[in-house]
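*Asks:* I'd like to ask you about the structure that follows.
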Amino acid sequence: MLLVMYLGVQAFESSVATPLVQKKMINMPPALVFGSQLVIGAFGGLLGLTLTIPIMAMLMVLVKMV
């Protein structure tokens, strides 16, 4: 029972809470967070998944500057 509750909280945090906080902090839409995590995570594995948000933030800044 404890494992199910832990996995539920983890799933909620990673798929709902974290993207909403990131949207407020770096003004990145949650759909972009989900999509980029799927694509970069599929190609880059765990390291790609870990670096997804910093990579997308750098790309957003680069696009806004150009």
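Ligands are numbered from 1 in the order shown, chains are lettered A, B, ... in the order of the structure tokens, and residues start at 1 in each chain.
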Need the shell around A:Leu32: protein/DNA/RNA residues with any atom at most 12 Å away, counting only C-alpha atoms. Skip same-chain ones fewer than 3 positions apart. Format as a list of chain:residue names?

*Replies:*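 Residues near the query, excluding close chain neighbours: A:Pro19, A:Leu20, A:Gln22, A:Lys23, A:Asn27, A:Met28, A:Pro29, A:Gly35, A:Ser36, A:Gln37, A:Leu38, A:Val39, A:Ile40, A:Thr52, A:Ile53, A:Ile55, A:Met56, A:Ala57, A:Leu59, A:Met60.
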
*Asks:* Hey, can you spit out that residue selection with N, CA, C and O atoms as a short mmCIF file (atom, residue, chain, number, x, y, z; two decimals), in the first residue's frame?

*Replies:*
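Contents of the output file out26.cif:
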```
data_model
loop_
_atom_site.label_atom_id
_atom_site.label_comp_id
_atom_site.auth_asym_id
_atom_site.auth_seq_id
_atom_site.Cartn_x
_atom_site.Cartn_y
_atom_site.Cartn_z
N PRO A 19 5.91 20.60 -13.90
CA PRO A 19 5.72 21.48 -15.07
C PRO A 19 5.03 22.81 -14.73
O PRO A 19 5.35 23.84 -15.33
N LEU A 20 4.11 22.81 -13.77
CA LEU A 20 3.46 24.06 -13.40
C LEU A 20 4.43 25.03 -12.72
O LEU A 20 4.41 26.24 -12.99
N GLN A 22 7.70 25.01 -13.20
CA GLN A 22 8.63 25.44 -14.25
C GLN A 22 8.00 26.48 -15.15
O GLN A 22 8.68 27.38 -15.62
N LYS A 23 6.71 26.37 -15.38
CA LYS A 23 6.03 27.37 -16.21
C LYS A 23 6.11 28.75 -15.55
O LYS A 23 6.37 29.75 -16.21
N ASN A 27 8.74 30.50 -17.50
CA ASN A 27 7.74 30.83 -18.50
C ASN A 27 7.76 29.84 -19.67
O ASN A 27 7.73 30.24 -20.83
N MET A 28 7.82 28.54 -19.35
CA MET A 28 7.81 27.49 -20.36
C MET A 28 6.48 26.74 -20.26
O MET A 28 6.13 26.25 -19.19
N PRO A 29 5.75 26.64 -21.36
CA PRO A 29 4.45 25.94 -21.32
C PRO A 29 4.61 24.47 -20.93
O PRO A 29 5.56 23.81 -21.36
N GLY A 35 6.44 17.34 -24.05
CA GLY A 35 6.92 16.92 -25.36
C GLY A 35 8.42 16.80 -25.43
O GLY A 35 8.95 15.83 -25.98
N SER A 36 9.11 17.78 -24.87
CA SER A 36 10.57 17.73 -24.92
C SER A 36 11.11 16.59 -24.06
O SER A 36 12.10 15.96 -24.43
N GLN A 37 10.47 16.30 -22.93
CA GLN A 37 10.91 15.18 -22.12
C GLN A 37 10.73 13.86 -22.85
O GLN A 37 11.57 12.97 -22.75
N LEU A 38 9.65 13.73 -23.60
CA LEU A 38 9.43 12.50 -24.36
C LEU A 38 10.48 12.33 -25.46
O LEU A 38 11.07 11.27 -25.61
N VAL A 39 10.73 13.40 -26.21
CA VAL A 39 11.65 13.30 -27.35
C VAL A 39 13.09 13.16 -26.88
O VAL A 39 13.80 12.23 -27.29
N ILE A 40 13.53 14.07 -26.04
CA ILE A 40 14.93 14.03 -25.59
C ILE A 40 15.19 12.80 -24.72
O ILE A 40 16.24 12.19 -24.79
N THR A 52 16.82 17.77 -19.96
CA THR A 52 15.78 18.28 -20.86
C THR A 52 15.41 19.73 -20.56
O THR A 52 15.40 20.57 -21.46
N ILE A 53 15.10 20.04 -19.34
CA ILE A 53 14.62 21.38 -18.99
C ILE A 53 15.70 22.44 -19.20
O ILE A 53 15.43 23.48 -19.80
N ILE A 55 18.17 22.34 -21.32
CA ILE A 55 18.35 22.45 -22.77
C ILE A 55 17.22 23.27 -23.38
O ILE A 55 17.45 24.17 -24.19
N MET A 56 15.98 22.99 -22.98
CA MET A 56 14.84 23.73 -23.53
C MET A 56 14.86 25.19 -23.10
O MET A 56 14.50 26.07 -23.87
N ALA A 57 15.29 25.47 -21.88
CA ALA A 57 15.38 26.86 -21.43
C ALA A 57 16.42 27.62 -22.24
O ALA A 57 16.18 28.77 -22.64
N LEU A 59 17.34 26.90 -25.32
CA LEU A 59 16.79 27.07 -26.66
C LEU A 59 15.75 28.18 -26.71
O LEU A 59 15.69 28.95 -27.67
N MET A 60 14.93 28.29 -25.67
CA MET A 60 13.92 29.37 -25.63
C MET A 60 14.59 30.73 -25.57
O MET A 60 14.16 31.66 -26.24
#
```

*Asks:* Quick one: pick out all alpha helix (DSSP H) residues within chain A from a backbone DSSP run and write them as a VMD selection string.

*Replies:* chain A and resid 2 to 12 18 to 26 30 to 65

*Asks:* One decimal, Å: what's the distance from atom CA of A:Ala11 over to atom CA of A:Met58, could you say?

*Replies:*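 Here the two named atoms are 26.0 Å from each other.
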
*Asks:* Between A:Glu13, A:Leu2, A:Ile26, A:Gly48, which has the minimum distance to A:Val61 (counting only C-alpha atoms)?

*Replies:*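 Comparing A:Glu13, A:Leu2, A:Ile26, A:Gly48 against A:Val61, the winner is A:Ile26.
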
*Asks:* Give me, please, the distance in Å between atom CA of A:Leu7 and atom CA of A:Pro54, quoted to one decimal.

*Replies:*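 Atom CA of A:Leu7 sits 25.2 Å away from atom CA of A:Pro54.
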